[in-house]
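These notes concern the structure reproduced below.
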Amino acid sequence: YFTLIGVDDKVEKGKKFIENHSEIFNRVEAKHGIHKELIAAIIGVETNFADQQQRGKFYAFNSLVSQYIFTNRTKFAVREITALYKFSRMTGHPPQYFTSSYAGAIGWGQFIPSSLLAFFIDSNGLDDDIDPFSIEDTIFSVENYLYKNKLSGENIGDYDSKYKAVFAYNHSDVYVKAVLFIYDGLRDYFSSTLPDVRTEK
């Protein structure tokens, strides 16, 4: 899995992603103390740091209707179609705006519609300006997801707390380990680039 997704390449690409959006990451990190490197690592695994080729080739509505008709996930499909409708009304974006993965995951953070409703926020707190294809909103929303799954600056140094918050995002052990591998690589890089603040005597 690590080779398949190219974790080492993602560490390198993640450095530029954080540097290119440093002002946004500084703002989001100041909210609750969740490290920018962890937020970036999730976006890196989900959509290769908001790569346009990862925007989604399907329409979420169509994908969910197909799941209702052709699979045994009818309850899931009904729940997600309902959530998509509510999110569409809330944001003012028509349902066909939301391209997705084949499973109906939307945006740079790959939120399913019910998760969009529960966790996705506008970076400036404006409900009518929420956009899952906004990098800024995605960064703030991934942070919001982790925070609402009990991660904060108080326990960010605890491996189990990080693991559980990322596992809530995607219930896969190998996914979590890949995210944390990228996180560690990015954390090491940005920690080493901090200025030396020791005072000379």
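Naming scheme: A, B, ... for chains in displayed order of the structure tokens; residues 1 onward per chain; ligands 1 onward as shown.
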Which neighbours of Leu186 (chain A) fall inside 7 Å, counting only C-alpha atoms, when residues of the same chain fewer than 6 positions from it are skipped, and could you give them as a list of chain:residue names? A:Val11, A:Gly14, A:Lys15, A:Glu37
Selection near Arg79 (chain A), 12 Å with only C-alpha atoms, sequence-local residues under 2 positions removed, as a list in words: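 Counting only the stated atoms, we get Phe61, Leu64, Val65, Gln67, Tyr68, Arg73, Thr74, Lys75, Phe76, Ala77, Ile81, Thr82, Ala83, Leu84, Tyr85, Lys86, Gly104, Ile112, Pro113, Ser114, Ser115 and Leu117 of chain A.
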Using only C-alpha atoms, find each residue in region 99-148 of chain A having at least one atom no more than 12 Å away from region 167-181 of chain A; report its shortest atom-to-atom pair and that distance in Å (one decimal), rows by chain then rising number, as a Markdown table.
| residue | atom | partner | partner_atom | distance |
| --- | --- | --- | --- | --- |
| A:Ala105 | CA | A:Asn170 | CA | 11.9 |
| A:Gly109 | CA | A:Tyr169 | CA | 9.8 |
| A:Gln110 | CA | A:Tyr169 | CA | 9.8 |
| A:Phe111 | CA | A:Tyr169 | CA | 9.0 |
| A:Ile112 | CA | A:Tyr169 | CA | 10.7 |
| A:Ser115 | CA | A:Tyr169 | CA | 9.6 |
| A:Phe119 | CA | A:Tyr169 | CA | 10.9 |
| A:Ser141 | CA | A:Tyr169 | CA | 11.6 |
| A:Val142 | CA | A:Tyr169 | CA | 8.9 |
| A:Glu143 | CA | A:Tyr169 | CA | 11.0 |
| A:Asn144 | CA | A:Tyr169 | CA | 11.2 |
| A:Tyr145 | CA | A:Tyr169 | CA | 7.6 |
| A:Leu146 | CA | A:Tyr169 | CA | 7.8 |
| A:Tyr147 | CA | A:Ala168 | CA | 11.0 |
| A:Lys148 | CA | A:Ala168 | CA | 10.0 |
Excluding same-chain residues fewer than 4 positions from Phe190 (chain A), what lies within 12 Å of it counting only C-alpha atoms, as JSON, numbers by chain? {"A": [11, 12, 14, 15, 16, 18, 19, 22, 35, 36, 37, 183, 184, 185, 186, 194, 195]}
Can you pull out every residue from chain A that DSSP, working from the backbone, puts in helix (DSSP H, G or I), and format the result as a ChimeraX atom specification? /A:2-5,7-20,22-32,36-47,52-54,60-70,74-91,95-97,113-119,127-129,135-148,159-169,173-192
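Across the model, the gap from CA of Gly107 (chain A) to CA of Thr47 (chain A) is 8.4 Å.
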Show me, as a PyMOL selection string, the residues that have an atom within 12 Å of Glu136 (chain A) when counting only C-alpha atoms, minus same-chain residues fewer than 5 positions from it. chain A and resi 17-18+20-28+39-40+43+49-50+107-109+120-125+129-131+141-143
Shell of 10 Å around Tyr97 (chain A), only C-alpha atoms, local chain residues under 2 positions omitted, as number ranges by chain: A: 59-61, 88, 92-95, 99-100
Give me a file of those residues, with N, CA and C atoms, as a JSON list (two decimals), in the first residue's frame.
[["chain", "number", "residue", "atom", "x", "y", "z"],
["A", 59, "TYR", "N", -20.55, 11.92, -10.93],
["A", 59, "TYR", "CA", -21.40, 12.85, -10.19],
["A", 59, "TYR", "C", -21.90, 12.12, -8.96],
["A", 60, "ALA", "N", -21.78, 12.78, -7.81],
["A", 60, "ALA", "CA", -22.13, 12.13, -6.55],
["A", 60, "ALA", "C", -23.56, 11.61, -6.55],
["A", 61, "PHE", "N", -24.48, 12.40, -7.07],
["A", 61, "PHE", "CA", -25.88, 11.98, -7.08],
["A", 61, "PHE", "C", -26.05, 10.69, -7.88],
["A", 88, "SER", "N", -26.54, 20.63, -0.68],
["A", 88, "SER", "CA", -26.75, 21.43, -1.88],
["A", 88, "SER", "C", -27.59, 22.67, -1.57],
["A", 92, "GLY", "N", -25.97, 26.37, -1.81],
["A", 92, "GLY", "CA", -26.39, 27.02, -3.04],
["A", 92, "GLY", "C", -25.81, 26.40, -4.29],
["A", 93, "HIS", "N", -25.03, 25.33, -4.13],
["A", 93, "HIS", "CA", -24.49, 24.62, -5.29],
["A", 93, "HIS", "C", -25.49, 23.55, -5.73],
["A", 94, "PRO", "N", -25.82, 23.47, -7.01],
["A", 94, "PRO", "CA", -26.74, 22.43, -7.47],
["A", 94, "PRO", "C", -26.10, 21.05, -7.31],
["A", 95, "PRO", "N", -26.91, 20.00, -7.19],
["A", 95, "PRO", "CA", -26.36, 18.65, -6.99],
["A", 95, "PRO", "C", -25.34, 18.25, -8.05],
["A", 99, "THR", "N", -18.96, 16.66, -8.21],
["A", 99, "THR", "CA", -18.32, 15.47, -8.76],
["A", 99, "THR", "C", -17.72, 14.68, -7.61],
["A", 100, "SER", "N", -17.51, 13.39, -7.86],
["A", 100, "SER", "CA", -17.10, 12.54, -6.74],
["A", 100, "SER", "C", -16.32, 11.32, -7.22]]
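Secondary structure by DSSP on the backbone puts the following residues of region 98-191 of chain A in strand (DSSP E or B): Thr99, Ser100, Ile106 and Phe111 of chain A.
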